[in-house]
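S.K.: Sharing data13.csv here; it has CSV, C-alpha atoms and all ligand atoms.
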chain,number,residue,atom,x,y,z
Q,1,MET,CA,0.0,0.0,0.0
Q,2,PHE,CA,1.2,3.5,-0.9
Q,3,ASN,CA,1.2,6.3,1.7
Q,4,GLN,CA,0.0,9.8,1.1
Q,5,SER,CA,3.4,11.3,0.5
Q,6,GLN,CA,4.4,8.6,-2.0
Q,7,LEU,CA,1.2,9.2,-3.9
Q,8,ASP,CA,1.9,12.9,-3.9
Q,9,ASP,CA,5.4,12.3,-5.2
Q,10,ILE,CA,4.2,9.9,-7.9
Q,11,ASP,CA,1.6,12.4,-9.1
Q,12,ASN,CA,4.3,15.0,-9.2
Q,13,ALA,CA,6.7,12.8,-11.1
Q,14,ILE,CA,4.0,12.0,-13.7
Q,15,VAL,CA,2.9,15.6,-14.2
Q,16,THR,CA,6.3,17.2,-14.4
Q,17,ASN,CA,7.9,14.6,-16.6
Q,18,LEU,CA,5.1,13.5,-18.8
Q,19,ILE,CA,2.0,15.7,-18.8
Q,20,GLU,CA,4.1,18.8,-19.0
Q,21,ALA,CA,6.0,17.3,-21.9
Q,22,GLY,CA,2.8,17.2,-23.9
Q,23,LEU,CA,1.5,13.6,-23.3
Q,24,ASN,CA,-2.3,13.2,-23.4
Q,25,ASN,CA,-2.9,10.6,-20.8
Q,26,VAL,CA,-0.8,8.7,-18.2
Q,27,ILE,CA,-2.0,5.8,-16.0
Q,28,PHE,CA,0.1,4.3,-13.2
Q,29,MET,CA,-1.5,1.0,-12.3
Q,30,ASP,CA,-0.9,-2.4,-10.7
Q,31,MET,CA,-0.7,-5.7,-12.6
Q,32,ALA,CA,-4.2,-6.6,-11.4
Q,33,GLY,CA,-5.7,-3.7,-13.4
Q,34,ASN,CA,-6.2,-1.3,-10.5
Q,35,THR,CA,-5.4,2.4,-11.2
Q,36,ILE,CA,-3.0,3.9,-8.7
Q,37,ALA,CA,-2.6,7.4,-10.3
Q,38,LYS,CA,-4.0,8.9,-13.5
Q,39,HIS,CA,-3.4,12.2,-15.2
Q,40,ASP,CA,-4.4,13.8,-18.5
Q,41,ASN,CA,-4.0,17.0,-20.3
Q,42,GLY,CA,-7.7,17.9,-19.7
Q,43,LYS,CA,-8.6,17.5,-23.4
Q,44,ASN,CA,-10.1,14.0,-23.5
Q,45,ASN,CA,-12.3,11.8,-21.5
Q,46,LEU,CA,-11.0,8.3,-21.5
Q,47,ASP,CA,-12.8,5.4,-19.7
Q,48,SER,CA,-9.7,4.8,-17.7
Q,49,THR,CA,-11.2,1.9,-15.6
Q,50,ALA,CA,-11.9,-0.3,-18.6
Q,51,PHE,CA,-8.7,0.9,-20.2
Q,52,ALA,CA,-6.7,-0.2,-17.2
Q,53,ALA,CA,-8.3,-3.6,-17.1
Q,54,LEU,CA,-7.5,-4.2,-20.8
Q,55,ALA,CA,-4.0,-2.8,-20.4
Q,56,ALA,CA,-3.2,-5.2,-17.6
Q,57,GLY,CA,-4.6,-8.1,-19.6
Q,58,ASN,CA,-2.6,-7.0,-22.7
Q,59,PHE,CA,0.6,-6.6,-20.8
Q,60,ALA,CA,0.2,-9.9,-18.9
Q,61,ALA,CA,-0.5,-11.7,-22.2
Q,62,VAL,CA,2.6,-10.3,-23.9
Q,63,ASP,CA,4.7,-11.0,-20.8
Q,64,ALA,CA,3.5,-14.7,-20.7
Q,65,MET,CA,4.4,-15.0,-24.5
Q,66,ALA,CA,7.9,-13.7,-23.7
Q,67,LYS,CA,8.4,-16.4,-21.1
Q,68,LEU,CA,7.2,-19.1,-23.6
Q,69,VAL,CA,9.8,-18.1,-26.1
Q,70,GLY,CA,12.5,-17.9,-23.5
Q,71,GLU,CA,12.7,-14.1,-23.1
Q,72,SER,CA,12.6,-12.7,-19.6
Q,73,GLU,CA,10.5,-9.9,-21.0
Q,74,PHE,CA,9.8,-7.8,-24.0
Q,75,SER,CA,11.0,-4.4,-22.8
Q,76,LEU,CA,9.1,-2.3,-25.3
Q,77,LEU,CA,5.4,-2.6,-25.8
Q,78,PHE,CA,4.1,0.0,-28.1
Q,79,HIS,CA,0.9,0.4,-30.1
Q,80,LYS,CA,0.9,3.0,-32.9
Q,81,GLY,CA,-2.3,4.6,-34.2
Q,82,LYS,CA,-3.0,7.2,-36.8
Q,83,LYS,CA,-3.5,10.0,-34.2
Q,84,LEU,CA,-2.7,8.4,-30.9
Q,85,SER,CA,-0.1,5.9,-29.7
Q,86,ILE,CA,0.2,4.0,-26.5
Q,87,HIS,CA,3.4,3.0,-24.7
Q,88,PHE,CA,3.6,0.4,-21.9
Q,89,SER,CA,6.4,0.1,-19.5
Q,90,LYS,CA,6.9,-2.0,-16.4
Q,91,ALA,CA,7.8,0.2,-13.4
Q,92,ASP,CA,8.6,-2.7,-11.0
Q,93,ASP,CA,7.3,-6.3,-10.7
Q,94,GLU,CA,3.9,-5.2,-9.5
Q,95,THR,CA,3.3,-1.9,-11.5
Q,96,LEU,CA,2.9,-0.6,-15.0
Q,97,LEU,CA,3.1,2.9,-16.4
Q,98,ILE,CA,1.0,3.5,-19.5
Q,99,SER,CA,1.4,6.6,-21.6
Q,100,MET,CA,-0.7,7.9,-24.5
Q,101,PHE,CA,0.5,10.6,-26.8
Q,102,ASN,CA,-0.3,12.1,-30.2
Q,103,LYS,CA,1.8,12.3,-33.3
Q,104,GLU,CA,3.4,15.6,-32.4
Q,105,ILE,CA,5.6,13.8,-29.9
Q,106,SER,CA,8.3,11.3,-30.8
Q,107,LEU,CA,8.5,7.9,-29.4
Q,108,GLY,CA,12.2,8.6,-28.6
Q,109,LEU,CA,11.2,11.5,-26.3
Q,110,VAL,CA,8.4,9.5,-24.7
Q,111,ARG,CA,10.8,6.6,-24.0
Q,112,LEU,CA,13.3,9.0,-22.4
Q,113,LYS,CA,10.7,10.7,-20.2
Q,114,VAL,CA,9.1,7.4,-19.2
Q,115,ALA,CA,12.5,6.1,-18.2
Q,116,ASP,CA,13.1,9.2,-16.0
Q,117,THR,CA,9.7,8.9,-14.5
Q,118,ILE,CA,10.1,5.2,-13.7
Q,119,LYS,CA,13.5,5.9,-12.1
Q,120,GLU,CA,11.8,8.5,-9.9
Q,121,ILE,CA,8.9,6.3,-9.0
Q,122,ASN,CA,11.2,3.5,-8.0
Q,123,THR,CA,13.1,5.8,-5.7
Q,124,ILE,CA,9.8,7.0,-4.2
Q,125,LEU,CA,8.7,3.4,-3.6
Q,126,ALA,CA,12.1,2.3,-2.2
Q,127,ASN,CA,12.1,5.2,0.3
Q,128,GLY,CA,8.5,4.1,1.4
M,1,MET,CA,-4.8,-7.6,-3.4
M,2,ALA,CA,-7.3,-4.8,-3.1
M,3,LEU,CA,-5.9,-1.4,-4.1
M,4,ILE,CA,-6.4,1.1,-1.3
M,5,ASN,CA,-5.6,4.7,-2.3
M,6,VAL,CA,-5.3,6.9,0.8
M,7,LYS,CA,-5.0,10.0,-1.3
M,8,THR,CA,-8.0,9.7,-3.6
M,9,LYS,CA,-9.8,7.8,-0.9
M,10,GLU,CA,-10.7,5.0,-3.3
M,11,VAL,CA,-10.7,1.2,-2.8
M,12,GLN,CA,-10.6,-1.1,-5.9
M,13,ILE,CA,-11.5,-4.7,-5.3
M,14,LYS,CA,-11.2,-7.5,-7.8
M,15,ILE,CA,-13.7,-10.3,-7.8
M,16,VAL,CA,-13.4,-13.2,-10.3
M,17,TYR,CA,-16.1,-15.5,-11.5
M,18,TYR,CA,-14.5,-18.9,-12.1
M,19,GLY,CA,-15.8,-22.2,-13.3
M,20,PRO,CA,-16.1,-24.7,-16.2
M,21,GLY,CA,-16.8,-23.5,-19.7
M,22,ARG,CA,-20.5,-22.7,-20.4
M,23,GLY,CA,-21.4,-22.8,-16.7
M,24,GLY,CA,-22.9,-19.3,-16.7
M,25,LYS,CA,-20.2,-16.9,-15.6
M,26,THR,CA,-20.7,-14.4,-18.4
M,27,THR,CA,-24.5,-14.7,-17.9
M,28,ASN,CA,-24.1,-13.7,-14.2
M,29,LEU,CA,-22.2,-10.5,-15.3
M,30,GLU,CA,-24.7,-9.7,-18.0
M,31,TYR,CA,-27.6,-9.9,-15.5
M,32,ILE,CA,-25.7,-7.7,-13.0
M,33,ASN,CA,-25.0,-5.2,-15.8
M,34,LYS,CA,-28.7,-5.0,-16.8
M,35,LYS,CA,-29.9,-4.8,-13.2
M,36,TYR,CA,-27.5,-2.2,-11.9
M,37,ARG,CA,-27.1,-0.1,-15.1
M,38,GLU,CA,-27.2,3.2,-13.2
M,39,GLN,CA,-24.4,2.3,-10.8
M,40,ILE,CA,-22.1,1.2,-13.6
M,41,LYS,CA,-20.2,3.9,-15.2
M,42,THR,CA,-18.9,2.1,-18.3
M,43,GLU,CA,-19.9,-0.5,-20.8
M,44,MET,CA,-19.2,-4.1,-19.9
M,45,VAL,CA,-16.1,-5.2,-21.7
M,46,SER,CA,-16.1,-8.7,-23.2
M,47,LEU,CA,-13.2,-10.2,-25.0
M,48,LYS,CA,-14.8,-13.1,-26.9
M,49,THR,CA,-14.4,-15.4,-29.8
M,50,GLN,CA,-16.6,-15.2,-33.0
M,51,ASP,CA,-18.9,-17.9,-31.6
M,52,ASP,CA,-19.5,-15.8,-28.4
M,53,ARG,CA,-17.3,-17.7,-26.0
M,54,THR,CA,-15.1,-15.8,-23.6
M,55,LEU,CA,-11.6,-15.5,-25.0
M,56,PHE,CA,-9.8,-13.6,-22.3
M,57,PHE,CA,-12.3,-12.1,-19.8
M,58,ASP,CA,-15.4,-10.1,-19.2
M,59,PHE,CA,-15.0,-7.0,-17.1
M,60,LEU,CA,-17.6,-5.0,-15.2
M,61,PRO,CA,-16.7,-2.2,-12.7
M,62,PHE,CA,-19.3,-1.5,-10.2
M,63,ASP,CA,-19.7,1.2,-7.5
M,64,VAL,CA,-20.9,0.2,-4.0
M,65,GLY,CA,-20.7,3.5,-2.3
M,66,GLN,CA,-18.6,4.6,0.7
M,67,ILE,CA,-17.1,2.6,3.5
M,68,LYS,CA,-15.2,4.4,6.2
M,69,GLY,CA,-14.9,7.4,3.9
M,70,PHE,CA,-13.5,5.4,1.0
M,71,ASP,CA,-15.3,5.2,-2.4
M,72,VAL,CA,-15.4,1.4,-3.1
M,73,THR,CA,-15.4,0.1,-6.7
M,74,ILE,CA,-15.8,-3.6,-7.3
M,75,GLN,CA,-14.3,-4.9,-10.5
M,76,LEU,CA,-16.0,-8.0,-11.6
M,77,TYR,CA,-14.1,-10.4,-14.0
M,78,THR,CA,-14.9,-13.7,-15.6
M,79,VAL,CA,-12.3,-16.2,-16.8
M,80,PRO,CA,-12.5,-18.1,-20.1
M,81,GLY,CA,-13.9,-21.5,-19.2
M,82,GLN,CA,-12.6,-23.6,-22.0
M,83,VAL,CA,-9.9,-26.1,-20.9
M,84,LYS,CA,-7.3,-24.9,-23.5
M,85,TYR,CA,-7.3,-21.4,-22.0
M,86,ASN,CA,-5.7,-22.1,-18.6
M,87,ALA,CA,-2.8,-19.7,-19.3
M,88,THR,CA,-5.2,-16.8,-19.7
M,89,ARG,CA,-7.3,-17.9,-16.7
M,90,LYS,CA,-4.2,-17.7,-14.6
M,91,LEU,CA,-3.5,-14.1,-15.8
M,92,VAL,CA,-7.0,-13.0,-14.9
M,93,LEU,CA,-6.6,-14.3,-11.3
M,94,ARG,CA,-3.7,-12.0,-10.6
M,95,GLY,CA,-4.5,-9.8,-7.7
M,96,VAL,CA,-7.8,-11.4,-7.0
M,97,ASP,CA,-9.6,-10.5,-3.7
M,98,GLY,CA,-12.7,-12.8,-3.9
M,99,ILE,CA,-13.9,-15.6,-6.0
M,100,VAL,CA,-17.3,-16.9,-7.1
M,101,PHE,CA,-17.2,-20.5,-8.4
M,102,VAL,CA,-20.0,-21.0,-11.0
M,103,ALA,CA,-20.7,-24.8,-11.2
M,104,ASP,CA,-23.0,-26.3,-13.8
M,105,VAL,CA,-25.6,-28.7,-12.2
M,106,GLN,CA,-26.0,-30.8,-15.3
M,107,LYS,CA,-25.1,-34.4,-14.5
M,108,GLU,CA,-22.8,-34.6,-17.5
M,109,GLN,CA,-20.8,-31.6,-16.2
M,110,ARG,CA,-19.9,-33.3,-12.9
M,111,LYS,CA,-16.3,-34.1,-13.9
M,112,ASN,CA,-15.8,-30.7,-15.4
M,113,ASN,CA,-16.9,-28.9,-12.3
M,114,ILE,CA,-14.5,-30.9,-10.1
M,115,GLU,CA,-11.6,-30.5,-12.5
M,116,SER,CA,-12.1,-26.8,-12.8
M,117,LEU,CA,-12.2,-26.4,-9.0
M,118,ASN,CA,-9.0,-28.4,-8.6
M,119,GLN,CA,-7.3,-26.2,-11.3
M,120,LEU,CA,-8.5,-23.1,-9.5
M,121,TYR,CA,-6.8,-24.3,-6.4
M,122,GLU,CA,-3.5,-24.9,-8.3
M,123,ASN,CA,-3.7,-21.6,-10.2
M,124,LEU,CA,-4.1,-19.7,-7.0
M,125,GLU,CA,-1.1,-21.5,-5.6
M,126,THR,CA,1.1,-19.9,-8.3
M,127,TYR,CA,0.3,-16.5,-6.7
M,128,ASN,CA,0.8,-17.9,-3.2
M,129,LEU,CA,-2.9,-17.6,-2.5
M,130,ASP,CA,-4.8,-20.3,-0.6
M,131,LEU,CA,-8.4,-20.9,-1.8
M,132,PHE,CA,-9.2,-22.0,1.8
M,133,LYS,CA,-8.3,-18.6,3.2
M,134,MET,CA,-10.0,-16.4,0.6
M,135,PRO,CA,-13.5,-14.9,0.3
M,136,PHE,CA,-15.2,-17.6,-1.7
M,137,VAL,CA,-18.8,-18.3,-2.7
M,138,MET,CA,-20.2,-21.3,-4.5
M,139,GLN,CA,-23.0,-21.1,-7.1
M,140,TYR,CA,-24.8,-24.1,-8.5
M,141,ASN,CA,-26.3,-22.8,-11.7
M,142,LYS,CA,-29.0,-23.9,-14.2
M,143,ILE,CA,-31.3,-25.6,-11.6
M,144,ASP,CA,-34.1,-24.6,-14.0
M,145,LEU,CA,-33.0,-27.4,-16.3
M,146,LYS,CA,-34.7,-30.1,-14.2
M,147,ASN,CA,-38.0,-28.7,-15.5
M,148,SER,CA,-36.9,-29.5,-19.0
M,149,GLY,CA,-36.2,-33.1,-18.1
M,150,ILE,CA,-32.4,-32.7,-18.3
M,151,PRO,CA,-30.6,-34.8,-15.6
M,152,ILE,CA,-29.2,-32.5,-13.0
M,153,LEU,CA,-27.4,-33.2,-9.7
M,154,PRO,CA,-29.2,-32.2,-6.5
M,155,SER,CA,-27.5,-29.7,-4.3
M,156,ASN,CA,-26.5,-32.2,-1.6
M,157,ILE,CA,-24.4,-34.0,-4.3
M,158,MET,CA,-23.0,-30.7,-5.6
M,159,GLN,CA,-22.1,-29.9,-2.0
M,160,LYS,CA,-20.4,-33.2,-1.5
M,161,ASP,CA,-18.5,-33.0,-4.7
M,162,LEU,CA,-17.3,-29.4,-4.4
M,163,ASN,CA,-17.9,-28.0,-1.0
M,164,THR,CA,-17.1,-30.7,1.6
M,165,ALA,CA,-13.8,-29.3,2.5
M,166,LEU,CA,-14.3,-25.7,1.6
M,167,ARG,CA,-17.6,-25.2,3.4
M,168,ALA,CA,-18.2,-22.0,1.5
M,169,PRO,CA,-21.6,-20.2,1.3
M,170,ALA,CA,-23.5,-21.8,-1.6
M,171,PHE,CA,-26.4,-20.7,-3.7
M,172,GLU,CA,-28.6,-22.5,-6.2
M,173,ALA,CA,-29.1,-20.3,-9.2
M,174,THR,CA,-30.7,-19.7,-12.6
M,175,ALA,CA,-28.4,-17.0,-13.9
M,176,LEU,CA,-30.3,-16.8,-17.2
M,177,ARG,CA,-33.3,-15.5,-15.4
M,178,GLY,CA,-31.3,-13.7,-12.7
M,179,GLY,CA,-32.3,-16.2,-10.0
M,180,ASN,CA,-29.9,-15.8,-7.0
M,181,VAL,CA,-27.4,-13.8,-9.1
M,182,ILE,CA,-27.7,-10.8,-6.8
M,183,PRO,CA,-27.6,-12.7,-3.5
M,184,THR,CA,-24.4,-14.4,-4.8
M,185,LEU,CA,-22.9,-11.1,-5.7
M,186,LYS,CA,-23.9,-9.5,-2.4
M,187,LYS,CA,-22.4,-12.4,-0.4
M,188,ILE,CA,-19.0,-12.3,-2.1
M,189,ILE,CA,-18.9,-8.5,-1.9
M,190,SER,CA,-19.6,-8.6,1.9
M,191,MET,CA,-17.1,-11.3,2.5
M,192,THR,CA,-14.4,-9.5,0.5
M,193,LEU,CA,-15.1,-6.2,2.2
M,194,THR,CA,-14.9,-7.9,5.6
M,195,SER,CA,-11.5,-9.4,4.7
M,196,ILE,CA,-10.1,-5.9,3.8
M,197,GLN,CA,-11.7,-3.9,6.7
M,198,GLY,CA,-8.6,-4.2,8.8
M,199,GLN,CA,-6.6,-2.4,6.1
M,200,LEU,CA,-8.8,0.7,6.0
H,1,LIG,N1,-31.0,-23.2,-18.7
H,1,LIG,C1,-30.1,-22.3,-18.3
H,1,LIG,N2,-29.1,-21.9,-19.1
H,1,LIG,C2,-28.2,-21.0,-18.6
H,1,LIG,C3,-28.2,-20.5,-17.3
H,1,LIG,N3,-27.2,-19.7,-17.2
H,1,LIG,C4,-26.5,-19.6,-18.3
H,1,LIG,N4,-27.1,-20.5,-19.2
H,1,LIG,C5,-26.7,-20.7,-20.6
H,1,LIG,O1,-25.5,-21.4,-20.6
H,1,LIG,C6,-24.7,-21.1,-21.8
H,1,LIG,C7,-23.3,-20.6,-21.3
H,1,LIG,O2,-23.4,-19.5,-20.5
H,1,LIG,P1,-22.2,-18.5,-20.3
H,1,LIG,O3,-22.6,-17.4,-19.4
H,1,LIG,O4,-21.7,-18.0,-21.6
H,1,LIG,O5,-21.1,-19.4,-19.7
H,1,LIG,P2,-19.6,-19.2,-19.3
H,1,LIG,O6,-18.8,-20.0,-20.3
H,1,LIG,O7,-19.4,-19.7,-17.9
H,1,LIG,O8,-19.3,-17.7,-19.4
H,1,LIG,C8,-25.4,-19.9,-22.4
H,1,LIG,O9,-26.1,-20.5,-23.6
H,1,LIG,C9,-26.4,-19.4,-21.4
H,1,LIG,O10,-27.6,-18.9,-21.9
H,1,LIG,C10,-29.3,-20.9,-16.5
H,1,LIG,O11,-29.4,-20.5,-15.3
H,1,LIG,N5,-30.2,-21.8,-17.0
H,2,MG,MG,-17.9,-16.6,-20.4
Go ahead and render the structure in this file as structure tokens.

M.R.:
Amino acid sequence: MFNQSQLDDIDNAIVTNLIEAGLNNVIFMDMAGNTIAKHDNGKNNLDSTAFAALAAGNFAAVDAMAKLVGESEFSLLFHKGKKLSIHFSKADDETLLISMFNKEISLGLVRLKVADTIKEINTILANG
Amino acid sequence: MALINVKTKEVQIKIVYYGPGRGGKTTNLEYINKKYREQIKTEMVSLKTQDDRTLFFDFLPFDVGQIKGFDVTIQLYTVPGQVKYNATRKLVLRGVDGIVFVADVQKEQRKNNIESLNQLYENLETYNLDLFKMPFVMQYNKIDLKNSGIPILPSNIMQKDLNTALRAPAFEATALRGGNVIPTLKKIISMTLTSIQGQL
């Protein structure tokens, strides 16, 4: 369970690294499909509950496929659409960070910003 | 494990409907979705095959109001029942807080019920969960079939087959007509809430 100051710090890490960089939507969630933190740029209304359930299922399925072919994990999980793309990243063994962004932002920038955010989140979690 | 967010004052609880293929798990959720439409913020999500069988899961989030100042959302899932889908069944069980086992009372399903329950026990073990220590409710579904002359097992036999050791609360049901769907749901919700009370 996350305490209040951890949740504040996680919110802060997501907003400053990702939302302020121009991403549309970010969800930090556990592998069971529960949302821990969610942020958006205020311009869309995503059904984040259903989205998180599907994202957890999708990530879990790809993770299980990796194990079947002898990979410990597929580190990049990325879905590209015409207008919107979705990037999945494991934060630790129990949590996932999901980022949605439009075509004005490069995947390279997103990967960099996501990596920074995950590093910060892991520090926050370690300092419980 | 239930997710308790002390900042947003939200609790998210995961309840999984488990059981043999064609037992009535999806039918339970469809009835709940119809009955409590106004408490359900989103459409029911169903990942199914072309012939309408559950491929991955059905998903239905459901608000139950406030407990100790926390907004509680129950997330209902079903697993795919077909034997070949055990890998996906296992994935759906991740982080489960409470389980409803939907058994099919048709005589010819006797072996499938027992095998499915045994597999549930094993699948939970991979997450270090013990079926005997979790909120768990039994449902013996399709009892209406006896009126159509289809051989069914009486509840005392179902109890003996599936519930001798577990001693879980059990309901006879006709999910297709909504019979005992809501009492089953209320029972598993109340057991699950009781089990997490100490964490709030
Ligand atoms: N007679 C009868 N049929 C039912 C009942 N509940 C479900 N069914 C039928 O059983 C079949 C399988 O149900 P489904 O919910 O898809 O099973 P699942 O595989 O466990 O999700 C469907 O044709 C349902 O209409 C019931 O209470 N009585
Ligand atoms: Mg089904």

S.K.: Please check which protein, DNA or RNA residues sit within 6 Å of ligand MG 2 (chain H), counting all atoms listed in the file, and write them as a PyMOL selection string.

M.R.: chain M and resi 25-26+53-54+80

S.K.: For the point (-23.8, -23.4, -12.2) in file coordinates, what residues are within 12 Å, counting all atoms listed in the file? Give the answer as an MDAnalysis selection string?

M.R.: chainID M and resid 17:28 100:107 109:110 112:113 137:145 152:155 158 162 170:176 179:181 184

S.K.: Work out how far apart atom CA of Ile40 of chain M and atom CA of Phe62 of chain M are and give it in Å to one decimal.

M.R.: 5.2 Å

S.K.: With all atoms listed in the file as the basis for distance, which of M:Glu108, M:Asp63, M:Val6, M:Gln12 is at the shortest distance from Ile150 of chain M?

M.R.: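 Among the listed residues, M:Glu108 lies closest to Ile150 of chain M.
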
S.K.: Quick check: residues of chain M within 8 Å of chain Q, only C-alpha atoms, returned as a PyMOL selection string.

M.R.: chain M and resi 3-7+12+14+42+45+59+61+88+91-92+94-96

S.K.: Between atom CA of Val83 of chain M and atom CA of Pro169 of chain M, what is the spacing in Å?

M.R.: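 Spanning atom CA of Pro169 of chain M to atom CA of Val83 of chain M is a straight-line distance of 25.8 Å.
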
S.K.: Write out as a ChimeraX atom specification each polymer residue whose atoms come within 12 Å of Ser75 of chain Q, counting all atoms listed in the file; drop sequence neighbours fewer than 6 positions from it.

M.R.: /Q:59,62-63,66,87-91,96,111,115

S.K.: Pick from M:Thr78, M:Asn128, M:Gln66, M:Asn147: nearest to Met44 of chain M, with only C-alpha atoms counted?

M.R.: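 That would be M:Thr78, the residue with the smallest distance to Met44 of chain M.
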
S.K.: Taking 3 positions as the minimum chain separation for residues in the same chain, which residues sit within 12 Å of Thr126 of chain M when counting only C-alpha atoms? Answer as an NGL selection string.

M.R.: :M and (87 or 90-91 or 93-95 or 119-123 or 129-131)

S.K.: Next, the residues of the selection above should be written as a PDB file, keeping the file's coordinate frame with C-alpha atoms.

M.R.:
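Resulting contents of result-v5.pdb:
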ATOM      1  CA  ALA M  87      -2.800 -19.700 -19.300  1.00  0.00           C
ATOM      2  CA  LYS M  90      -4.200 -17.700 -14.600  1.00  0.00           C
ATOM      3  CA  LEU M  91      -3.500 -14.100 -15.800  1.00  0.00           C
ATOM      4  CA  LEU M  93      -6.600 -14.300 -11.300  1.00  0.00           C
ATOM      5  CA  ARG M  94      -3.700 -12.000 -10.600  1.00  0.00           C
ATOM      6  CA  GLY M  95      -4.500  -9.800  -7.700  1.00  0.00           C
ATOM      7  CA  GLN M 119      -7.300 -26.200 -11.300  1.00  0.00           C
ATOM      8  CA  LEU M 120      -8.500 -23.100  -9.500  1.00  0.00           C
ATOM      9  CA  TYR M 121      -6.800 -24.300  -6.400  1.00  0.00           C
ATOM     10  CA  GLU M 122      -3.500 -24.900  -8.300  1.00  0.00           C
ATOM     11  CA  ASN M 123      -3.700 -21.600 -10.200  1.00  0.00           C
ATOM     12  CA  LEU M 129      -2.900 -17.600  -2.500  1.00  0.00           C
ATOM     13  CA  ASP M 130      -4.800 -20.300  -0.600  1.00  0.00           C
ATOM     14  CA  LEU M 131      -8.400 -20.900  -1.800  1.00  0.00           C
TER      15      LEU M 131
END

S.K.: Please write N, CA, C and O atoms of segment 93-104 of chain Q, from the structure given just now, as a compact mmCIF listing (two decimals), in the first residue's frame.

M.R.:
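Wrote part23.txt, looks like this:
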# COMPACT_ATOMS: atom_id res chain seq x y z
N ASP Q 93 7.99 -5.05 -10.46
CA ASP Q 93 7.31 -6.32 -10.73
C ASP Q 93 5.79 -6.24 -10.56
O ASP Q 93 5.07 -7.06 -11.10
N GLU Q 94 5.33 -5.24 -9.82
CA GLU Q 94 3.90 -5.16 -9.53
C GLU Q 94 3.19 -4.03 -10.24
O GLU Q 94 1.97 -3.93 -10.16
N THR Q 95 3.93 -3.13 -10.90
CA THR Q 95 3.27 -1.94 -11.45
C THR Q 95 3.67 -1.63 -12.90
O THR Q 95 4.74 -2.03 -13.36
N LEU Q 96 2.78 -0.91 -13.55
CA LEU Q 96 2.91 -0.56 -14.96
C LEU Q 96 2.67 0.93 -15.15
O LEU Q 96 1.81 1.50 -14.47
N LEU Q 97 3.39 1.51 -16.10
CA LEU Q 97 3.14 2.91 -16.45
C LEU Q 97 2.71 2.94 -17.91
O LEU Q 97 3.43 2.47 -18.79
N ILE Q 98 1.55 3.51 -18.15
CA ILE Q 98 1.01 3.54 -19.50
C ILE Q 98 0.88 4.99 -19.97
O ILE Q 98 0.30 5.81 -19.26
N SER Q 99 1.42 5.27 -21.12
CA SER Q 99 1.44 6.65 -21.63
C SER Q 99 0.78 6.71 -22.99
O SER Q 99 1.09 5.90 -23.86
N MET Q 100 -0.09 7.70 -23.16
CA MET Q 100 -0.72 7.91 -24.46
C MET Q 100 -0.32 9.27 -24.99
O MET Q 100 -0.35 10.26 -24.25
N PHE Q 101 0.04 9.31 -26.26
CA PHE Q 101 0.52 10.59 -26.81
C PHE Q 101 0.16 10.68 -28.28
O PHE Q 101 -0.05 9.67 -28.95
N ASN Q 102 0.10 11.91 -28.77
CA ASN Q 102 -0.30 12.08 -30.17
C ASN Q 102 0.92 12.22 -31.07
O ASN Q 102 2.06 12.14 -30.62
N LYS Q 103 0.67 12.40 -32.36
CA LYS Q 103 1.76 12.29 -33.33
C LYS Q 103 2.74 13.46 -33.31
O LYS Q 103 3.77 13.40 -33.96
N GLU Q 104 2.43 14.50 -32.52
CA GLU Q 104 3.39 15.61 -32.43
C GLU Q 104 4.60 15.27 -31.53
O GLU Q 104 5.56 16.02 -31.50
